[in-house]
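Reviewing the structure listed below.
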Amino acid sequence: MAYTTGSFQHYLRRRDTRVVAHLAGNHGSSLPQICAATGLQKERVGSSLQRLIADGLVLSEIGATAISRSYRLTR
């Protein structure tokens with residue numbers, strides 16, 4: 001699949017929006033829960049979460065492993 005810069009960024013925004021929409025109604029969701037709810041693969045959700053955390057929109061609650069961490073929207 002070939003993306004131009006603009007269309008790839010649009011794709012990333014849509015994917016990030018799906019993650020944010022899930023977290024809006026499901027505070028404290030784990031990576032597997034977000035994947036199941038959005039239908040996105042673990043790697044895709046992980047990269048969206050990293051971007052959203054860097055942008056200050058999502059907080060990560062410390063867990064022993066990446067799978068056991070929970071995520072929530074910032075207030």
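Going through the structure tokens in order, the chains are called A, B, and so on, while each chain numbers its residues from 1 and the ligands are numbered from 1 in the order shown.
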
So that I can check the surroundings of stretch 44-60 of chain A, please list as an mmCIF file with all heavy atoms, in the first residue's frame every protein, DNA and RNA residue that reaches within 10 Å of it, counting only C-alpha atoms and ignoring chain neighbours fewer than 6 positions away.
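This is the output file part-v4.cif:
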```cif
data_model
loop_
_atom_site.group_PDB
_atom_site.id
_atom_site.type_symbol
_atom_site.label_atom_id
_atom_site.label_comp_id
_atom_site.auth_asym_id
_atom_site.auth_seq_id
_atom_site.Cartn_x
_atom_site.Cartn_y
_atom_site.Cartn_z
ATOM 1 N N LEU A 12 -2.988 7.919 10.138
ATOM 2 C CA LEU A 12 -2.540 7.883 11.529
ATOM 3 C C LEU A 12 -3.519 8.621 12.433
ATOM 4 O O LEU A 12 -3.840 8.150 13.522
ATOM 5 C CB LEU A 12 -1.143 8.498 11.670
ATOM 6 C CG LEU A 12 0.000 7.719 11.035
ATOM 7 C CD1 LEU A 12 1.313 8.473 11.207
ATOM 8 C CD2 LEU A 12 0.106 6.318 11.594
ATOM 9 N N ARG A 13 -4.039 9.766 11.984
ATOM 10 C CA ARG A 13 -5.012 10.515 12.790
ATOM 11 C C ARG A 13 -6.284 9.708 12.996
ATOM 12 O O ARG A 13 -6.851 9.696 14.087
ATOM 13 C CB ARG A 13 -5.330 11.859 12.138
ATOM 14 C CG ARG A 13 -4.286 12.921 12.392
ATOM 15 C CD ARG A 13 -4.780 14.297 12.007
ATOM 16 N NE ARG A 13 -5.136 14.396 10.616
ATOM 17 C CZ ARG A 13 -4.313 14.732 9.627
ATOM 18 N NH1 ARG A 13 -3.050 14.995 9.898
ATOM 19 N NH2 ARG A 13 -4.734 14.805 8.384
ATOM 20 N N ARG A 15 -6.574 6.453 12.984
ATOM 21 C CA ARG A 15 -6.247 5.359 13.894
ATOM 22 C C ARG A 15 -6.150 5.870 15.326
ATOM 23 O O ARG A 15 -6.714 5.274 16.244
ATOM 24 C CB ARG A 15 -4.926 4.718 13.461
ATOM 25 C CG ARG A 15 -4.647 3.418 14.171
ATOM 26 C CD ARG A 15 -3.454 2.743 13.601
ATOM 27 N NE ARG A 15 -2.239 3.390 14.065
ATOM 28 C CZ ARG A 15 -1.062 3.254 13.489
ATOM 29 N NH1 ARG A 15 -0.919 2.528 12.406
ATOM 30 N NH2 ARG A 15 -0.016 3.857 13.970
ATOM 31 N N ASP A 16 -5.478 6.984 15.529
ATOM 32 C CA ASP A 16 -5.362 7.570 16.861
ATOM 33 C C ASP A 16 -6.737 7.939 17.397
ATOM 34 O O ASP A 16 -7.013 7.765 18.587
ATOM 35 C CB ASP A 16 -4.462 8.804 16.837
ATOM 36 C CG ASP A 16 -3.001 8.486 16.549
ATOM 37 O OD1 ASP A 16 -2.639 7.290 16.482
ATOM 38 O OD2 ASP A 16 -2.226 9.447 16.388
ATOM 39 N N THR A 17 -7.621 8.424 16.535
ATOM 40 C CA THR A 17 -8.981 8.793 16.945
ATOM 41 C C THR A 17 -9.742 7.583 17.448
ATOM 42 O O THR A 17 -10.500 7.680 18.422
ATOM 43 C CB THR A 17 -9.730 9.463 15.777
ATOM 44 O OG1 THR A 17 -9.018 10.647 15.402
ATOM 45 C CG2 THR A 17 -11.151 9.821 16.145
ATOM 46 N N ARG A 18 -9.549 6.438 16.833
ATOM 47 C CA ARG A 18 -10.210 5.210 17.297
ATOM 48 C C ARG A 18 -9.745 4.850 18.701
ATOM 49 O O ARG A 18 -10.546 4.437 19.554
ATOM 50 C CB ARG A 18 -9.930 4.056 16.331
ATOM 51 C CG ARG A 18 -10.665 4.228 15.012
ATOM 52 C CD ARG A 18 -10.217 3.258 13.966
ATOM 53 N NE ARG A 18 -10.546 1.872 14.272
ATOM 54 C CZ ARG A 18 -10.207 0.855 13.502
ATOM 55 N NH1 ARG A 18 -9.519 1.067 12.382
ATOM 56 N NH2 ARG A 18 -10.542 -0.373 13.827
ATOM 57 N N VAL A 19 -8.455 5.015 18.968
ATOM 58 C CA VAL A 19 -7.913 4.713 20.292
ATOM 59 C C VAL A 19 -8.473 5.700 21.318
ATOM 60 O O VAL A 19 -8.931 5.302 22.388
ATOM 61 C CB VAL A 19 -6.364 4.730 20.275
ATOM 62 C CG1 VAL A 19 -5.791 4.608 21.675
ATOM 63 C CG2 VAL A 19 -5.831 3.612 19.376
ATOM 64 N N VAL A 20 -8.477 6.992 20.977
ATOM 65 C CA VAL A 20 -9.001 8.009 21.888
ATOM 66 C C VAL A 20 -10.485 7.774 22.160
ATOM 67 O O VAL A 20 -10.943 7.871 23.299
ATOM 68 C CB VAL A 20 -8.762 9.432 21.326
ATOM 69 C CG1 VAL A 20 -9.557 10.479 22.096
ATOM 70 C CG2 VAL A 20 -7.281 9.761 21.344
ATOM 71 N N LEU A 23 -10.812 5.041 24.685
ATOM 72 C CA LEU A 23 -10.397 5.449 26.024
ATOM 73 C C LEU A 23 -11.375 6.443 26.653
ATOM 74 O O LEU A 23 -11.480 6.503 27.878
ATOM 75 C CB LEU A 23 -8.985 6.046 25.988
ATOM 76 C CG LEU A 23 -7.861 5.057 25.695
ATOM 77 C CD1 LEU A 23 -6.533 5.793 25.559
ATOM 78 C CD2 LEU A 23 -7.784 3.985 26.770
ATOM 79 N N GLY A 28 -8.655 3.346 31.938
ATOM 80 C CA GLY A 28 -7.872 2.257 32.505
ATOM 81 C C GLY A 28 -7.828 1.009 31.646
ATOM 82 O O GLY A 28 -7.649 -0.086 32.152
ATOM 83 N N SER A 29 -7.970 1.180 30.338
ATOM 84 C CA SER A 29 -7.918 0.030 29.430
ATOM 85 C C SER A 29 -6.489 -0.419 29.206
ATOM 86 O O SER A 29 -5.563 0.386 29.141
ATOM 87 C CB SER A 29 -8.522 0.396 28.073
ATOM 88 O OG SER A 29 -9.900 0.587 28.178
ATOM 89 N N SER A 30 -6.318 -1.712 29.056
ATOM 90 C CA SER A 30 -5.001 -2.280 28.747
ATOM 91 C C SER A 30 -4.836 -2.348 27.229
ATOM 92 O O SER A 30 -5.796 -2.193 26.476
ATOM 93 C CB SER A 30 -4.881 -3.682 29.340
ATOM 94 O OG SER A 30 -5.793 -4.558 28.691
ATOM 95 N N LEU A 31 -3.628 -2.605 26.800
ATOM 96 C CA LEU A 31 -3.343 -2.743 25.373
ATOM 97 C C LEU A 31 -4.221 -3.820 24.727
ATOM 98 O O LEU A 31 -4.846 -3.563 23.689
ATOM 99 C CB LEU A 31 -1.855 -3.024 25.165
ATOM 100 C CG LEU A 31 -1.367 -3.162 23.731
ATOM 101 C CD1 LEU A 31 -1.558 -1.870 22.957
ATOM 102 C CD2 LEU A 31 0.090 -3.566 23.714
ATOM 103 N N PRO A 32 -4.329 -5.024 25.317
ATOM 104 C CA PRO A 32 -5.197 -6.035 24.710
ATOM 105 C C PRO A 32 -6.669 -5.598 24.630
ATOM 106 O O PRO A 32 -7.356 -5.904 23.657
ATOM 107 C CB PRO A 32 -5.040 -7.254 25.615
ATOM 108 C CG PRO A 32 -3.717 -7.076 26.274
ATOM 109 C CD PRO A 32 -3.562 -5.596 26.451
ATOM 110 N N ILE A 34 -7.784 -2.486 24.310
ATOM 111 C CA ILE A 34 -7.897 -1.482 23.250
ATOM 112 C C ILE A 34 -7.866 -2.176 21.890
ATOM 113 O O ILE A 34 -8.652 -1.843 20.992
ATOM 114 C CB ILE A 34 -6.788 -0.424 23.363
ATOM 115 C CG1 ILE A 34 -6.894 0.316 24.703
ATOM 116 C CG2 ILE A 34 -6.854 0.558 22.199
ATOM 117 C CD1 ILE A 34 -5.682 1.167 25.040
ATOM 118 N N CYS A 35 -6.980 -3.138 21.734
ATOM 119 C CA CYS A 35 -6.892 -3.889 20.470
ATOM 120 C C CYS A 35 -8.210 -4.591 20.160
ATOM 121 O O CYS A 35 -8.704 -4.523 19.028
ATOM 122 C CB CYS A 35 -5.763 -4.915 20.535
ATOM 123 S SG CYS A 35 -4.116 -4.208 20.611
ATOM 124 N N THR A 38 -10.962 -1.943 19.220
ATOM 125 C CA THR A 38 -10.767 -1.179 17.983
ATOM 126 C C THR A 38 -10.544 -2.064 16.758
ATOM 127 O O THR A 38 -10.671 -1.594 15.630
ATOM 128 C CB THR A 38 -9.563 -0.231 18.102
ATOM 129 O OG1 THR A 38 -8.377 -1.004 18.338
ATOM 130 C CG2 THR A 38 -9.762 0.794 19.205
ATOM 131 N N ALA A 66 4.337 -4.232 29.445
ATOM 132 C CA ALA A 66 3.555 -3.398 28.527
ATOM 133 C C ALA A 66 2.111 -3.884 28.442
ATOM 134 O O ALA A 66 1.181 -3.093 28.341
ATOM 135 C CB ALA A 66 4.197 -3.398 27.140
ATOM 136 N N ARG A 69 0.040 -2.672 31.569
ATOM 137 C CA ARG A 69 -0.179 -1.239 31.762
ATOM 138 C C ARG A 69 -1.607 -0.888 31.394
ATOM 139 O O ARG A 69 -2.224 -1.533 30.564
ATOM 140 C CB ARG A 69 0.762 -0.438 30.874
ATOM 141 C CG ARG A 69 2.141 -0.363 31.390
ATOM 142 C CD ARG A 69 2.995 0.593 30.583
ATOM 143 N NE ARG A 69 4.363 0.335 30.943
ATOM 144 C CZ ARG A 69 5.275 -0.174 30.125
ATOM 145 N NH1 ARG A 69 4.982 -0.439 28.878
ATOM 146 N NH2 ARG A 69 6.479 -0.407 30.563
ATOM 147 N N SER A 70 -2.088 0.171 31.999
ATOM 148 C CA SER A 70 -3.403 0.669 31.596
ATOM 149 C C SER A 70 -3.239 2.108 31.107
ATOM 150 O O SER A 70 -2.266 2.785 31.444
ATOM 151 C CB SER A 70 -4.396 0.589 32.751
ATOM 152 O OG SER A 70 -3.995 1.408 33.816
ATOM 153 N N TYR A 71 -4.192 2.542 30.317
ATOM 154 C CA TYR A 71 -4.113 3.848 29.678
ATOM 155 C C TYR A 71 -5.410 4.586 29.905
ATOM 156 O O TYR A 71 -6.481 3.988 29.969
ATOM 157 C CB TYR A 71 -3.859 3.681 28.173
ATOM 158 C CG TYR A 71 -2.572 2.955 27.896
ATOM 159 C CD1 TYR A 71 -2.557 1.566 27.778
ATOM 160 C CD2 TYR A 71 -1.370 3.634 27.795
ATOM 161 C CE1 TYR A 71 -1.371 0.889 27.560
ATOM 162 C CE2 TYR A 71 -0.178 2.957 27.569
ATOM 163 C CZ TYR A 71 -0.189 1.583 27.450
ATOM 164 O OH TYR A 71 0.985 0.921 27.239
ATOM 165 N N ARG A 72 -5.281 5.914 30.040
ATOM 166 C CA ARG A 72 -6.467 6.746 30.193
ATOM 167 C C ARG A 72 -6.195 8.102 29.569
ATOM 168 O O ARG A 72 -5.037 8.493 29.390
ATOM 169 C CB ARG A 72 -6.851 6.886 31.651
ATOM 170 C CG ARG A 72 -5.834 7.605 32.503
ATOM 171 C CD ARG A 72 -6.329 7.759 33.941
ATOM 172 N NE ARG A 72 -5.336 8.394 34.784
ATOM 173 C CZ ARG A 72 -5.177 9.713 34.907
ATOM 174 N NH1 ARG A 72 -5.930 10.537 34.235
ATOM 175 N NH2 ARG A 72 -4.257 10.196 35.725
ATOM 176 N N LEU A 73 -7.267 8.806 29.254
ATOM 177 C CA LEU A 73 -7.130 10.150 28.724
ATOM 178 C C LEU A 73 -6.721 11.090 29.847
ATOM 179 O O LEU A 73 -7.096 10.875 31.003
ATOM 180 C CB LEU A 73 -8.448 10.626 28.108
ATOM 181 C CG LEU A 73 -8.950 9.853 26.901
ATOM 182 C CD1 LEU A 73 -10.275 10.429 26.423
ATOM 183 C CD2 LEU A 73 -7.934 9.866 25.776
ATOM 184 N N THR A 74 -5.961 12.111 29.497
ATOM 185 C CA THR A 74 -5.627 13.126 30.484
ATOM 186 C C THR A 74 -6.865 13.961 30.754
ATOM 187 O O THR A 74 -7.808 13.969 29.970
ATOM 188 C CB THR A 74 -4.482 14.042 30.000
ATOM 189 O OG1 THR A 74 -4.856 14.638 28.777
ATOM 190 C CG2 THR A 74 -3.199 13.257 29.830
ATOM 191 N N ARG A 75 -6.889 14.662 31.829
ATOM 192 C CA ARG A 75 -8.057 15.483 32.174
ATOM 193 C C ARG A 75 -7.888 16.885 31.700
ATOM 194 O O ARG A 75 -6.924 17.412 31.491
ATOM 195 C CB ARG A 75 -8.269 15.461 33.681
ATOM 196 C CG ARG A 75 -8.574 14.055 34.093
ATOM 197 C CD ARG A 75 -8.792 13.978 35.589
ATOM 198 N NE ARG A 75 -8.803 12.596 35.965
ATOM 199 C CZ ARG A 75 -9.874 11.926 36.295
ATOM 200 N NH1 ARG A 75 -11.032 12.517 36.310
ATOM 201 N NH2 ARG A 75 -9.800 10.678 36.633
#
```

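The gap separating atom CA of A:Gly6 from atom CA of A:His22 is 24.7 Å, in Å to one decimal.
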